[in-house]
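Enquirer: Here you go, this is target09.cif (mmCIF, C-alpha atoms and all ligand atoms).
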```cif
data_final
loop_
_atom_site.label_atom_id
_atom_site.label_comp_id
_atom_site.auth_asym_id
_atom_site.auth_seq_id
_atom_site.Cartn_x
_atom_site.Cartn_y
_atom_site.Cartn_z
CA MET A 20 -65.00 -100.22 29.93
CA ASP A 21 -64.51 -98.75 26.46
CA TYR A 22 -66.80 -97.09 23.93
CA ARG A 23 -66.61 -98.07 20.28
CA ILE A 24 -68.05 -95.58 17.81
CA SER A 25 -68.78 -96.23 14.15
CA PRO A 26 -68.85 -92.93 12.28
CA GLY A 27 -71.10 -91.21 9.81
CA LYS A 28 -74.53 -90.75 11.38
CA PRO A 29 -76.57 -87.52 11.58
CA LEU A 30 -77.90 -86.28 14.95
CA ILE A 31 -81.64 -85.86 14.62
CA GLY A 32 -84.52 -85.13 16.97
CA THR A 33 -85.14 -83.69 20.41
CA ALA A 34 -83.00 -84.68 23.36
CA ARG A 35 -83.14 -83.64 27.03
CA VAL A 36 -79.69 -83.78 28.61
CA ASP A 37 -79.13 -84.51 32.31
CA GLY A 38 -79.41 -81.87 35.03
CA ASP A 39 -76.82 -79.20 35.71
CA LYS A 40 -74.00 -80.45 37.93
CA SER A 41 -73.06 -77.09 39.46
CA ILE A 42 -76.67 -76.26 40.35
CA SER A 43 -77.36 -79.78 41.64
CA HIS A 44 -74.45 -79.65 44.14
CA ARG A 45 -75.52 -76.23 45.39
CA SER A 46 -79.18 -77.27 45.72
CA ILE A 47 -78.24 -80.11 48.09
CA MET A 48 -75.84 -77.90 50.06
CA LEU A 49 -78.17 -74.93 50.55
CA GLY A 50 -81.23 -77.17 50.95
CA SER A 51 -79.41 -78.93 53.80
CA LEU A 52 -78.56 -75.64 55.52
CA ALA A 53 -82.03 -74.12 55.12
CA ASP A 54 -84.88 -74.07 57.61
CA GLY A 55 -87.59 -76.40 56.27
CA ALA A 56 -87.84 -78.84 53.38
CA THR A 57 -86.54 -78.02 49.89
CA ARG A 58 -88.00 -79.88 46.91
CA ILE A 59 -85.51 -80.45 44.05
CA THR A 60 -86.64 -81.71 40.66
CA ARG A 61 -84.51 -82.87 37.69
CA ILE A 62 -81.39 -83.04 39.86
CA LEU A 63 -78.37 -84.68 38.24
CA GLU A 64 -77.90 -88.17 39.67
CA GLY A 65 -74.26 -88.34 38.64
CA GLU A 66 -71.60 -89.76 40.95
CA ASP A 67 -70.29 -86.29 41.85
CA VAL A 68 -73.67 -85.11 43.11
CA LEU A 69 -74.36 -88.44 44.82
CA ALA A 70 -71.12 -87.86 46.76
CA THR A 71 -72.48 -84.51 47.94
CA ILE A 72 -75.79 -86.15 48.94
CA ASP A 73 -73.95 -88.88 50.88
CA ALA A 74 -71.80 -86.29 52.65
CA PHE A 75 -74.82 -84.32 53.88
CA ARG A 76 -76.59 -87.52 54.95
CA ALA A 77 -73.45 -88.35 56.95
CA MET A 78 -73.84 -84.95 58.64
CA GLY A 79 -77.37 -85.77 59.76
CA VAL A 80 -79.47 -84.35 56.91
CA GLU A 81 -82.44 -86.43 55.79
CA ILE A 82 -82.49 -86.45 51.99
CA VAL A 83 -85.29 -88.49 50.47
CA ARG A 84 -85.63 -89.57 46.86
CA ASP A 85 -89.22 -90.03 45.69
CA ASP A 86 -91.09 -90.07 42.40
CA GLN A 87 -91.03 -86.26 42.17
CA GLY A 88 -87.28 -85.92 42.75
CA TYR A 89 -85.50 -85.19 46.01
CA LEU A 90 -86.76 -83.71 49.25
CA VAL A 91 -84.04 -82.25 51.46
CA HIS A 92 -85.08 -81.78 55.08
CA GLY A 93 -82.91 -78.81 55.97
CA VAL A 94 -81.36 -78.76 59.43
CA GLY A 95 -80.78 -75.01 59.54
CA ILE A 96 -77.53 -73.12 59.20
CA ASP A 97 -76.27 -74.45 62.57
CA GLY A 98 -77.75 -77.95 62.44
CA LEU A 99 -75.05 -80.10 60.78
CA LYS A 100 -73.57 -82.90 62.91
CA GLN A 101 -69.97 -84.07 62.96
CA PRO A 102 -69.75 -87.12 60.65
CA LYS A 103 -68.38 -90.35 62.08
CA LYS A 104 -65.88 -90.88 59.29
CA MET A 105 -64.03 -89.21 56.42
CA LEU A 106 -66.23 -87.57 53.76
CA ASP A 107 -65.41 -89.03 50.35
CA MET A 108 -65.97 -86.46 47.59
CA GLY A 109 -65.04 -88.93 44.83
CA ASN A 110 -63.91 -87.13 41.68
CA SER A 111 -65.57 -83.82 42.44
CA GLY A 112 -63.52 -80.65 42.88
CA THR A 113 -66.75 -78.64 43.16
CA ALA A 114 -68.10 -80.78 46.00
CA PHE A 115 -64.73 -80.71 47.77
CA ARG A 116 -64.15 -76.97 47.57
CA LEU A 117 -67.71 -75.82 48.27
CA MET A 118 -68.04 -78.26 51.19
CA THR A 119 -64.81 -77.00 52.67
CA GLY A 120 -66.29 -73.51 52.81
CA ILE A 121 -69.28 -74.85 54.75
CA LEU A 122 -67.11 -77.01 57.02
CA ALA A 123 -64.91 -74.03 57.87
CA GLY A 124 -67.88 -72.72 59.86
CA GLN A 125 -68.65 -75.91 61.82
CA PRO A 126 -67.36 -76.22 65.40
CA TRP A 127 -65.70 -79.62 64.80
CA SER A 128 -63.09 -81.42 62.65
CA VAL A 129 -63.60 -83.65 59.66
CA THR A 130 -61.40 -85.06 56.92
CA LEU A 131 -62.38 -84.70 53.27
CA GLY A 132 -60.87 -87.03 50.67
CA GLY A 133 -61.40 -88.15 47.11
CA ASP A 134 -60.16 -90.33 44.26
CA ALA A 135 -56.68 -90.24 42.70
CA SER A 136 -57.56 -87.36 40.34
CA LEU A 137 -59.05 -85.22 43.11
CA SER A 138 -56.09 -86.00 45.37
CA SER A 139 -53.78 -84.34 42.88
CA ARG A 140 -55.76 -81.08 42.63
CA PRO A 141 -54.70 -77.84 44.31
CA MET A 142 -56.61 -76.88 47.44
CA GLY A 143 -54.32 -74.05 48.58
CA ARG A 144 -56.62 -71.67 46.70
CA ILE A 145 -59.37 -72.33 49.28
CA ILE A 146 -57.25 -73.31 52.29
CA ARG A 147 -55.37 -70.00 52.45
CA PRO A 148 -58.32 -67.57 52.47
CA LEU A 149 -60.42 -69.86 54.69
CA ALA A 150 -57.50 -70.03 57.17
CA GLU A 151 -57.48 -66.22 57.20
CA MET A 152 -61.14 -66.39 58.20
CA GLY A 153 -60.20 -68.57 61.17
CA ALA A 154 -60.50 -72.24 60.10
CA ARG A 155 -57.55 -74.65 60.51
CA PHE A 156 -56.33 -77.16 57.94
CA GLU A 157 -54.02 -80.17 57.84
CA SER A 158 -52.88 -81.63 54.53
CA VAL A 159 -49.79 -82.64 52.65
CA GLU A 160 -48.88 -79.99 50.06
CA GLU A 161 -52.41 -78.54 50.23
CA LYS A 162 -53.87 -81.55 48.38
CA PRO A 163 -56.62 -83.97 49.51
CA PRO A 164 -57.09 -85.54 51.97
CA VAL A 165 -57.55 -82.35 53.97
CA THR A 166 -58.64 -82.18 57.62
CA VAL A 167 -60.74 -79.10 58.33
CA THR A 168 -61.23 -77.82 61.86
CA GLY A 169 -63.92 -75.23 61.73
CA ALA A 170 -64.31 -72.22 63.98
CA GLN A 171 -67.36 -71.40 66.06
CA SER A 172 -67.28 -67.97 64.53
CA LEU A 173 -65.26 -66.99 61.48
CA LYS A 174 -63.97 -63.51 60.66
CA GLY A 175 -65.37 -61.77 57.60
CA LEU A 176 -62.82 -61.38 54.80
CA ARG A 177 -62.14 -59.01 51.92
CA TYR A 178 -60.40 -61.16 49.32
CA GLU A 179 -59.14 -60.60 45.77
CA MET A 180 -59.02 -64.01 44.09
CA PRO A 181 -55.78 -64.62 42.19
CA VAL A 182 -57.56 -67.01 39.78
CA ALA A 183 -61.04 -66.66 38.32
CA SER A 184 -62.75 -69.55 40.11
CA ALA A 185 -66.43 -69.98 40.91
CA GLN A 186 -65.46 -72.78 43.28
CA VAL A 187 -63.23 -70.50 45.35
CA LYS A 188 -65.78 -67.67 45.28
CA SER A 189 -68.54 -70.05 46.40
CA ALA A 190 -66.45 -71.62 49.18
CA LEU A 191 -65.75 -68.15 50.59
CA LEU A 192 -69.38 -67.05 50.34
CA PHE A 193 -70.49 -70.24 52.12
CA ALA A 194 -67.91 -69.62 54.86
CA GLY A 195 -69.15 -66.01 54.94
CA LEU A 196 -72.56 -67.28 56.11
CA TYR A 197 -70.77 -68.24 59.34
CA ALA A 198 -68.61 -65.11 59.65
CA ASP A 199 -68.91 -61.99 61.74
CA GLY A 200 -69.61 -59.06 59.45
CA LYS A 201 -69.07 -58.88 55.74
CA THR A 202 -67.29 -61.32 53.41
CA GLU A 203 -66.32 -59.76 50.07
CA VAL A 204 -64.76 -61.55 47.12
CA ARG A 205 -63.36 -59.99 43.96
CA GLU A 206 -63.30 -62.01 40.76
CA PRO A 207 -60.58 -61.12 38.25
CA ALA A 208 -62.99 -62.23 35.48
CA PRO A 209 -66.68 -63.17 35.71
CA THR A 210 -67.26 -66.77 36.83
CA ARG A 211 -70.50 -68.73 37.08
CA ASP A 212 -72.87 -67.08 39.55
CA HIS A 213 -75.09 -70.02 40.48
CA THR A 214 -74.20 -69.64 44.16
CA GLU A 215 -75.25 -65.99 44.29
CA ARG A 216 -78.49 -66.69 42.43
CA MET A 217 -79.35 -69.66 44.60
CA LEU A 218 -78.57 -67.84 47.85
CA SER A 219 -81.06 -65.17 46.73
CA GLY A 220 -83.56 -67.94 45.98
CA PHE A 221 -83.16 -69.09 49.59
CA GLY A 222 -83.91 -65.53 50.74
CA TYR A 223 -80.31 -64.53 51.54
CA VAL A 224 -79.15 -61.07 50.47
CA VAL A 225 -76.07 -61.05 48.22
CA ASN A 226 -74.65 -57.79 46.91
CA ARG A 227 -72.54 -56.86 43.89
CA HIS A 228 -70.41 -53.75 43.58
CA GLY A 229 -67.38 -52.32 41.78
CA ALA A 230 -67.01 -50.70 38.36
CA ALA A 231 -67.61 -54.02 36.59
CA ASN A 232 -69.63 -55.59 39.44
CA GLU A 233 -66.53 -57.61 40.16
CA TRP A 234 -67.05 -57.67 43.96
CA VAL A 235 -69.63 -59.98 45.51
CA SER A 236 -70.45 -59.76 49.21
CA LEU A 237 -72.74 -60.97 51.95
CA GLU A 238 -73.19 -60.44 55.70
CA GLY A 239 -72.83 -63.44 57.97
CA GLY A 240 -75.32 -64.55 60.58
CA GLY A 241 -78.50 -64.82 58.48
CA ARG A 242 -80.68 -67.83 57.84
CA LEU A 243 -81.82 -69.62 54.67
CA LYS A 244 -85.50 -70.23 53.89
CA SER A 245 -86.35 -73.51 52.13
CA THR A 246 -87.56 -73.26 48.55
CA GLU A 247 -88.25 -75.27 45.39
CA ILE A 248 -85.59 -75.81 42.77
CA GLU A 249 -85.97 -77.14 39.24
CA VAL A 250 -82.51 -77.93 37.90
CA PRO A 251 -82.01 -76.90 34.24
CA ALA A 252 -80.32 -79.22 31.73
CA ASP A 253 -76.54 -78.85 31.96
CA LEU A 254 -75.03 -76.67 29.23
CA SER A 255 -71.69 -78.41 29.76
CA SER A 256 -73.33 -81.77 29.01
CA ALA A 257 -75.38 -80.27 26.17
CA THR A 258 -72.11 -79.08 24.63
CA PHE A 259 -71.21 -82.62 23.50
CA PHE A 260 -74.45 -82.81 21.55
CA ILE A 261 -74.13 -79.27 20.21
CA LEU A 262 -70.66 -80.23 18.98
CA GLY A 263 -71.98 -83.47 17.48
CA ALA A 264 -74.77 -81.74 15.56
CA LEU A 265 -72.47 -78.98 14.29
CA ILE A 266 -69.76 -81.28 12.91
CA SER A 267 -71.93 -84.17 11.65
CA LYS A 268 -73.58 -83.88 8.23
CA ASN A 269 -77.38 -83.53 7.87
CA SER A 270 -77.97 -82.99 11.57
CA GLU A 271 -80.75 -81.01 13.20
CA LEU A 272 -81.07 -81.32 16.94
CA LEU A 273 -83.26 -79.58 19.51
CA LEU A 274 -82.04 -79.53 23.12
CA PRO A 275 -84.83 -78.25 25.40
CA GLY A 276 -84.50 -76.56 28.79
CA VAL A 277 -80.74 -75.94 28.76
CA GLY A 278 -79.23 -73.52 31.27
CA VAL A 279 -77.88 -70.45 29.43
CA ASN A 280 -76.61 -68.45 32.39
CA PRO A 281 -74.48 -65.67 30.83
CA SER A 282 -71.69 -66.30 33.34
CA ARG A 283 -71.02 -69.69 31.76
CA ASP A 284 -72.57 -69.78 28.27
CA GLY A 285 -69.35 -68.81 26.51
CA VAL A 286 -69.26 -71.99 24.45
CA ILE A 287 -72.37 -70.96 22.49
CA GLY A 288 -70.71 -67.71 21.41
CA ILE A 289 -67.44 -69.49 20.57
CA PHE A 290 -69.22 -72.04 18.36
CA GLN A 291 -71.21 -69.21 16.72
CA ARG A 292 -67.98 -67.30 16.05
CA MET A 293 -66.71 -70.46 14.37
CA GLY A 294 -69.74 -70.35 12.07
CA GLY A 295 -71.96 -72.70 14.07
CA ASP A 296 -75.70 -72.55 13.37
CA ILE A 297 -77.16 -72.44 16.91
CA SER A 298 -80.53 -70.78 17.59
CA ILE A 299 -81.44 -69.87 21.14
CA LEU A 300 -85.22 -70.25 21.39
CA ASN A 301 -87.86 -69.65 24.02
CA ARG A 302 -85.63 -67.93 26.58
CA ARG A 303 -87.18 -68.05 30.03
CA GLU A 304 -86.27 -68.18 33.69
CA VAL A 305 -86.53 -71.33 35.78
CA GLY A 306 -85.88 -70.98 39.52
CA GLY A 307 -83.77 -67.84 39.05
CA GLU A 308 -81.65 -69.33 36.26
CA PRO A 309 -81.95 -68.42 32.54
CA VAL A 310 -82.95 -71.39 30.40
CA ALA A 311 -83.60 -71.83 26.65
CA ASP A 312 -84.16 -74.44 23.96
CA LEU A 313 -81.18 -74.79 21.64
CA LEU A 314 -81.64 -75.69 17.97
CA ILE A 315 -78.43 -76.82 16.29
CA LYS A 316 -77.85 -77.54 12.60
CA SER A 317 -74.82 -79.00 10.77
CA SER A 318 -72.40 -76.18 9.98
CA LYS A 319 -69.23 -75.45 8.08
CA LEU A 320 -66.91 -74.28 10.85
CA HIS A 321 -63.81 -72.13 10.63
CA GLY A 322 -60.91 -71.50 13.01
CA VAL A 323 -60.97 -68.87 15.75
CA SER A 324 -58.60 -67.27 18.28
CA LEU A 325 -59.49 -67.66 21.95
CA SER A 326 -57.92 -65.81 24.85
CA HIS A 327 -58.23 -65.63 28.62
CA ASP A 328 -61.62 -63.88 28.68
CA ASP A 329 -63.18 -66.50 26.42
CA ILE A 330 -61.88 -69.32 28.57
CA ALA A 331 -63.33 -68.16 31.92
CA LEU A 332 -66.87 -68.33 30.47
CA ALA A 333 -66.33 -71.73 28.85
CA VAL A 334 -63.81 -73.33 31.18
CA ASP A 335 -65.25 -76.86 31.00
CA GLU A 336 -65.99 -76.79 27.27
CA ILE A 337 -62.52 -76.40 25.78
CA PRO A 338 -62.05 -80.11 24.92
CA SER A 339 -65.21 -79.88 22.77
CA VAL A 340 -64.09 -76.59 21.22
CA ALA A 341 -60.79 -78.27 20.35
CA VAL A 342 -62.59 -81.13 18.62
CA ALA A 343 -64.67 -78.59 16.66
CA ALA A 344 -61.43 -76.80 15.71
CA ALA A 345 -59.95 -80.04 14.41
CA CYS A 346 -62.95 -80.36 12.07
CA ALA A 347 -62.96 -76.67 11.05
CA GLU A 348 -61.30 -74.90 8.16
CA GLY A 349 -58.14 -73.03 9.14
CA VAL A 350 -56.27 -72.49 12.38
CA THR A 351 -57.63 -72.20 15.93
CA ASP A 352 -55.35 -70.68 18.54
CA ILE A 353 -56.35 -71.25 22.18
CA SER A 354 -54.45 -69.17 24.78
CA GLY A 355 -55.02 -68.19 28.41
CA ALA A 356 -56.31 -71.66 29.29
CA GLU A 357 -53.73 -72.61 31.95
CA GLU A 358 -56.52 -73.44 34.45
CA LEU A 359 -57.25 -76.49 32.31
CA ARG A 360 -54.05 -78.06 33.61
CA VAL A 361 -55.62 -78.52 37.07
CA LYS A 362 -59.04 -79.91 36.13
CA GLU A 363 -60.07 -83.60 36.38
CA SER A 364 -57.04 -84.25 34.16
CA ASP A 365 -54.46 -81.90 32.68
CA ARG A 366 -56.94 -81.05 29.94
CA ILE A 367 -54.43 -79.29 27.74
CA ALA A 368 -52.26 -82.43 27.65
CA THR A 369 -55.15 -84.91 27.43
CA THR A 370 -56.99 -82.96 24.72
CA VAL A 371 -53.82 -82.64 22.63
CA ALA A 372 -53.09 -86.38 23.09
CA GLY A 373 -56.64 -87.27 22.03
CA LEU A 374 -56.49 -85.08 18.93
CA LYS A 375 -53.11 -86.55 17.96
CA ALA A 376 -54.47 -90.09 18.41
CA LEU A 377 -57.11 -89.24 15.77
CA GLY A 378 -54.54 -87.79 13.36
CA ALA A 379 -55.26 -84.08 13.93
CA SER A 380 -52.61 -81.43 13.46
CA VAL A 381 -52.12 -79.86 16.91
CA SER A 382 -49.30 -78.36 18.94
CA GLU A 383 -49.34 -77.84 22.70
CA LYS A 384 -48.59 -74.52 24.43
CA GLN A 385 -48.19 -73.95 28.14
CA ASP A 386 -51.51 -72.07 28.22
CA GLY A 387 -53.39 -73.74 25.37
CA MET A 388 -52.92 -75.25 21.93
CA VAL A 389 -52.88 -74.48 18.22
CA ILE A 390 -55.04 -76.69 16.01
CA THR A 391 -55.11 -76.79 12.21
CA GLY A 392 -58.42 -78.19 10.98
CA GLY A 393 -58.62 -81.16 8.64
CA ASN A 394 -59.99 -84.70 8.62
CA LEU A 395 -59.93 -87.04 11.60
CA GLU A 396 -58.88 -90.69 11.39
CA GLY A 397 -60.03 -93.64 13.46
CA GLY A 398 -57.99 -94.67 16.49
CA ARG A 399 -57.93 -95.20 20.22
CA VAL A 400 -58.25 -92.30 22.68
CA GLU A 401 -57.47 -92.59 26.40
CA SER A 402 -59.93 -90.80 28.69
CA HIS A 403 -57.30 -90.44 31.45
CA GLY A 404 -60.24 -90.86 33.83
CA ASP A 405 -61.65 -87.50 32.70
CA HIS A 406 -65.37 -87.53 31.86
CA ARG A 407 -65.21 -84.53 29.51
CA ILE A 408 -62.32 -85.98 27.53
CA ALA A 409 -64.22 -89.28 27.15
CA MET A 410 -67.39 -87.54 25.90
CA ALA A 411 -65.76 -84.94 23.62
CA PHE A 412 -63.81 -87.67 21.81
CA ALA A 413 -66.79 -90.04 21.72
CA VAL A 414 -68.53 -87.31 19.68
CA ALA A 415 -65.42 -86.79 17.53
CA GLY A 416 -65.72 -90.51 16.73
CA ASN A 417 -68.80 -89.81 14.63
CA VAL A 418 -66.79 -87.78 12.09
CA CYS A 419 -63.66 -89.95 11.85
CA SER A 420 -62.80 -91.98 8.76
CA SER A 421 -63.05 -95.29 10.66
CA GLN A 422 -63.96 -96.73 14.06
CA VAL A 423 -62.88 -94.96 17.25
CA GLN A 424 -62.33 -96.55 20.65
CA ILE A 425 -62.48 -94.48 23.83
CA ALA A 426 -60.74 -96.24 26.72
CA ASP A 427 -61.86 -96.15 30.37
CA VAL A 428 -65.22 -94.47 30.12
CA GLU A 429 -66.51 -95.27 33.63
CA CYS A 430 -65.73 -91.63 34.48
CA VAL A 431 -68.66 -90.43 32.30
CA ALA A 432 -70.98 -91.42 35.17
CA THR A 433 -69.56 -88.62 37.32
CA SER A 434 -71.38 -85.89 35.38
CA PHE A 435 -73.58 -87.40 32.67
CA PRO A 436 -74.90 -90.89 33.42
CA GLY A 437 -77.43 -90.57 30.56
CA PHE A 438 -74.75 -89.85 27.93
CA TYR A 439 -74.59 -93.31 26.33
CA ASP A 440 -78.36 -93.72 25.99
CA LEU A 441 -78.81 -90.20 24.61
CA TYR A 442 -75.94 -90.70 22.17
CA SER A 443 -77.75 -93.74 20.73
CA TYR A 444 -81.14 -92.02 20.93
CA VAL A 445 -80.10 -89.13 18.66
CA GLY A 446 -79.00 -91.66 16.03
CA LEU A 447 -75.32 -92.30 16.67
CA ASP A 448 -73.65 -95.71 16.60
CA ILE A 449 -72.00 -96.52 19.90
CA SER A 450 -71.33 -99.73 21.82
CA ILE A 451 -69.77 -100.34 25.21
CA SER A 452 -67.73 -103.31 26.41
C1 LIG B 1 -67.63 -75.17 38.89
C2 LIG B 1 -66.68 -74.24 38.62
C3 LIG B 1 -65.60 -74.44 37.64
C4 LIG B 1 -65.83 -75.67 36.77
C5 LIG B 1 -66.38 -76.84 37.52
C6 LIG B 1 -67.68 -76.47 38.21
C7 LIG B 1 -68.65 -74.85 39.90
O1 LIG B 1 -64.38 -74.57 38.35
O2 LIG B 1 -64.65 -76.04 36.11
O3 LIG B 1 -66.62 -77.94 36.66
O4 LIG B 1 -69.67 -75.57 39.98
O5 LIG B 1 -68.47 -73.86 40.63
P1 LIG B 1 -63.51 -73.26 38.73
O6 LIG B 1 -64.48 -72.22 39.09
O7 LIG B 1 -62.68 -73.65 39.89
O8 LIG B 1 -62.75 -72.96 37.49
#
```
Output the structure of this file as structure tokens.
Ligand code: S3P

Expert:
Amino acid sequence: MDYRISPGKPLIGTARVDGDKSISHRSIMLGSLADGATRITRILEGEDVLATIDAFRAMGVEIVRDDQGYLVHGVGIDGLKQPKKMLDMGNSGTAFRLMTGILAGQPWSVTLGGDASLSSRPMGRIIRPLAEMGARFESVEEKPPVTVTGAQSLKGLRYEMPVASAQVKSALLFAGLYADGKTEVREPAPTRDHTERMLSGFGYVVNRHGAANEWVSLEGGGRLKSTEIEVPADLSSATFFILGALISKNSELLLPGVGVNPSRDGVIGIFQRMGGDISILNRREVGGEPVADLLIKSSKLHGVSLSHDDIALAVDEIPSVAVAAACAEGVTDISGAEELRVKESDRIATTVAGLKALGASVSEKQDGMVITGGNLEGGRVESHGDHRIAMAFAVAGNVCSSQVQIADVECVATSFPGFYDLYSYVGLDISIS
């Protein structure tokens, strides 16, 4: 299926974006491992999270959807059952890596697989430290499918992560629940801390230490107490609408209840540095996560330089930042973004290709790109099966000089099934065929 976008509309009104993907995955995982029932409201019902739900159902967890949301009947930390067949994690690197951490502590074997994109993503980053803790792995070139044979009792680990990855950190902390003694992980740069916050919400003690609080640790052998979780709106999904309102004339958009966790809100600061008019209103805390209402107005943007530290806090938002840069005055230089090459697509290559297809002036670097702002033309952009590429360029379509087609948009359902309806709701002109 393709989107067709006719340009030139303002984004007006109030729009609630779908639930946070990272928090939704973790709520199902920890809810399943807790003692007692966990109520989850506003969970994201995207394909990635549904894959996590199916996987836990296959391991004997009763997860019920009702008119208030989801009720997860936790089986306790030691209550998962060996599934009868392979667990299919679809397109989701988060589900795959975090699950592997949990599976490392189960006294049985299971194979985890996924779609073509997931099967090309590197898993050595979790396999190696989890093997040090005592789990065994079989795979070809450390890519999915991966067979995990867990250990009855893992060894605690002190591990300095070579890449700043919340997925790796979380996998190790989950395995650490099953380890003897302490598991300690050092992040080379801050990464999203939803796992640590949610573990605390389930009554599990997580510690931070080091000069910059760069070490996170927990002791194995504890239990998780069921809780209630309200999932905030996903800042990564909100980003497409923030981008749309900033670059489209006469726009004024309010996005309520968006997660603004400082370990992943980098995109707001980047857009503000570019001259974006974004007000953060009514800051509050929902279920241990900071949340706010975001008010965005059309803005005259200018170029900016981004380096490694900016990227870690906005790792999923760079395609949108690149579209903003293509509409801004002057040059934007993005460096230190090599992690983007191993996301759902090679997002440096696919973002550059999308910008070129719309006539932007852009050159690719190994670790980023250089974009000179100007006007975008109509054209056809390939999603390459990557949801964030599809959505960032669908929004770009509103400021092009003629119609834009985005090819293969089925992938949007992995993270933001409500995207199309919301895009129309805020006043934009989109059709799907
Ligand atoms: C995620 C962490 C990020 C991010 C992904 C979700 C998470 O990956 O790209 O979409 O929920 O922990 P890395 O931490 O591996 O960069």

Enquirer: What do you get as an mmCIF file with C-alpha atoms, in the coordinates of the input if you pick all residues at most 9 Å from ligand LIG 1 (chain B), counting all atoms listed in the file?

Expert:
```
data_model
loop_
_atom_site.group_PDB
_atom_site.id
_atom_site.type_symbol
_atom_site.label_atom_id
_atom_site.label_comp_id
_atom_site.auth_asym_id
_atom_site.auth_seq_id
_atom_site.Cartn_x
_atom_site.Cartn_y
_atom_site.Cartn_z
ATOM 1 C CA LYS A 40 -74.000 -80.450 37.930
ATOM 2 C CA SER A 41 -73.060 -77.090 39.460
ATOM 3 C CA ILE A 42 -76.670 -76.260 40.350
ATOM 4 C CA SER A 43 -77.360 -79.780 41.640
ATOM 5 C CA HIS A 44 -74.450 -79.650 44.140
ATOM 6 C CA ARG A 45 -75.520 -76.230 45.390
ATOM 7 C CA SER A 111 -65.570 -83.820 42.440
ATOM 8 C CA GLY A 112 -63.520 -80.650 42.880
ATOM 9 C CA THR A 113 -66.750 -78.640 43.160
ATOM 10 C CA ALA A 114 -68.100 -80.780 46.000
ATOM 11 C CA ARG A 116 -64.150 -76.970 47.570
ATOM 12 C CA LEU A 117 -67.710 -75.820 48.270
ATOM 13 C CA VAL A 182 -57.560 -67.010 39.780
ATOM 14 C CA ALA A 183 -61.040 -66.660 38.320
ATOM 15 C CA SER A 184 -62.750 -69.550 40.110
ATOM 16 C CA ALA A 185 -66.430 -69.980 40.910
ATOM 17 C CA GLN A 186 -65.460 -72.780 43.280
ATOM 18 C CA VAL A 187 -63.230 -70.500 45.350
ATOM 19 C CA LYS A 188 -65.780 -67.670 45.280
ATOM 20 C CA SER A 189 -68.540 -70.050 46.400
ATOM 21 C CA THR A 210 -67.260 -66.770 36.830
ATOM 22 C CA ARG A 211 -70.500 -68.730 37.080
ATOM 23 C CA ASP A 212 -72.870 -67.080 39.550
ATOM 24 C CA HIS A 213 -75.090 -70.020 40.480
ATOM 25 C CA THR A 214 -74.200 -69.640 44.160
ATOM 26 C CA SER A 255 -71.690 -78.410 29.760
ATOM 27 C CA ALA A 331 -63.330 -68.160 31.920
ATOM 28 C CA ALA A 333 -66.330 -71.730 28.850
ATOM 29 C CA VAL A 334 -63.810 -73.330 31.180
ATOM 30 C CA ASP A 335 -65.250 -76.860 31.000
ATOM 31 C CA GLU A 336 -65.990 -76.790 27.270
ATOM 32 C CA GLU A 358 -56.520 -73.440 34.450
ATOM 33 C CA LEU A 359 -57.250 -76.490 32.310
ATOM 34 C CA LYS A 362 -59.040 -79.910 36.130
ATOM 35 C CA GLU A 363 -60.070 -83.600 36.380
#
```

Enquirer: Which of these residues is nearest to Leu274 (chain A), using all atoms listed in the file: A:Leu63, A:Leu191, A:Ile261, A:Ala230?

Expert: A:Ile261

Enquirer: Which neighbours of Lys319 (chain A) fall inside 9 Å, counting all atoms listed in the file, when residues of the same chain fewer than 6 positions from it are skipped, and could you give them as an mmCIF file with C-alpha atoms, in the coordinates of the input?

Expert:
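Resulting contents of result_22.cif:
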```
data_model
loop_
_atom_site.group_PDB
_atom_site.id
_atom_site.type_symbol
_atom_site.label_atom_id
_atom_site.label_comp_id
_atom_site.auth_asym_id
_atom_site.auth_seq_id
_atom_site.Cartn_x
_atom_site.Cartn_y
_atom_site.Cartn_z
ATOM 1 C CA LEU A 265 -72.470 -78.980 14.290
ATOM 2 C CA ILE A 266 -69.760 -81.280 12.910
ATOM 3 C CA MET A 293 -66.710 -70.460 14.370
ATOM 4 C CA GLY A 294 -69.740 -70.350 12.070
ATOM 5 C CA GLY A 295 -71.960 -72.700 14.070
ATOM 6 C CA ASP A 296 -75.700 -72.550 13.370
ATOM 7 C CA CYS A 346 -62.950 -80.360 12.070
ATOM 8 C CA ALA A 347 -62.960 -76.670 11.050
ATOM 9 C CA GLU A 348 -61.300 -74.900 8.160
#
```

Enquirer: Taking 4 positions as the minimum chain separation for residues in the same chain, which residues sit within 12 Å of Gly50 (chain A) when counting only C-alpha atoms? Answer as a ChimeraX atom specification.

Expert: /A:42-46,54-59,71-72,75,80-82,89-96,99,217-218,220-222,242-248

Enquirer: My list of candidates is A:Gly120, A:Pro251, A:Pro102, A:Pro436. Which is closest to Ile62 (chain A) when distances are computed with only C-alpha atoms?

Expert: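 For Ile62 (chain A), the nearest of the given residues is A:Pro251.
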
Enquirer: With only C-alpha atoms as the atoms that count, which of A:Gln101, A:Val389, A:Arg61, A:Lys384 lies nearest to Arg84 (chain A)?

Expert: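 Counting only C-alpha atoms, the residue closest to Arg84 (chain A) is A:Arg61.
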
Enquirer: Calculate how many Å separate CA of Pro164 (chain A) from CA of Gly132 (chain A), rounding to one decimal.

Expert: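 Going from CA of Pro164 (chain A) over to CA of Gly132 (chain A), I get 4.3 Å.
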
Enquirer: Please determine, counting all atoms listed in the file, which residue among A:Val423, A:Leu447, A:Met180, A:Val323 has the shortest atom-to-atom distance to Ala264 (chain A).

Expert: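 Closest to Ala264 (chain A) of all the choices is A:Leu447.
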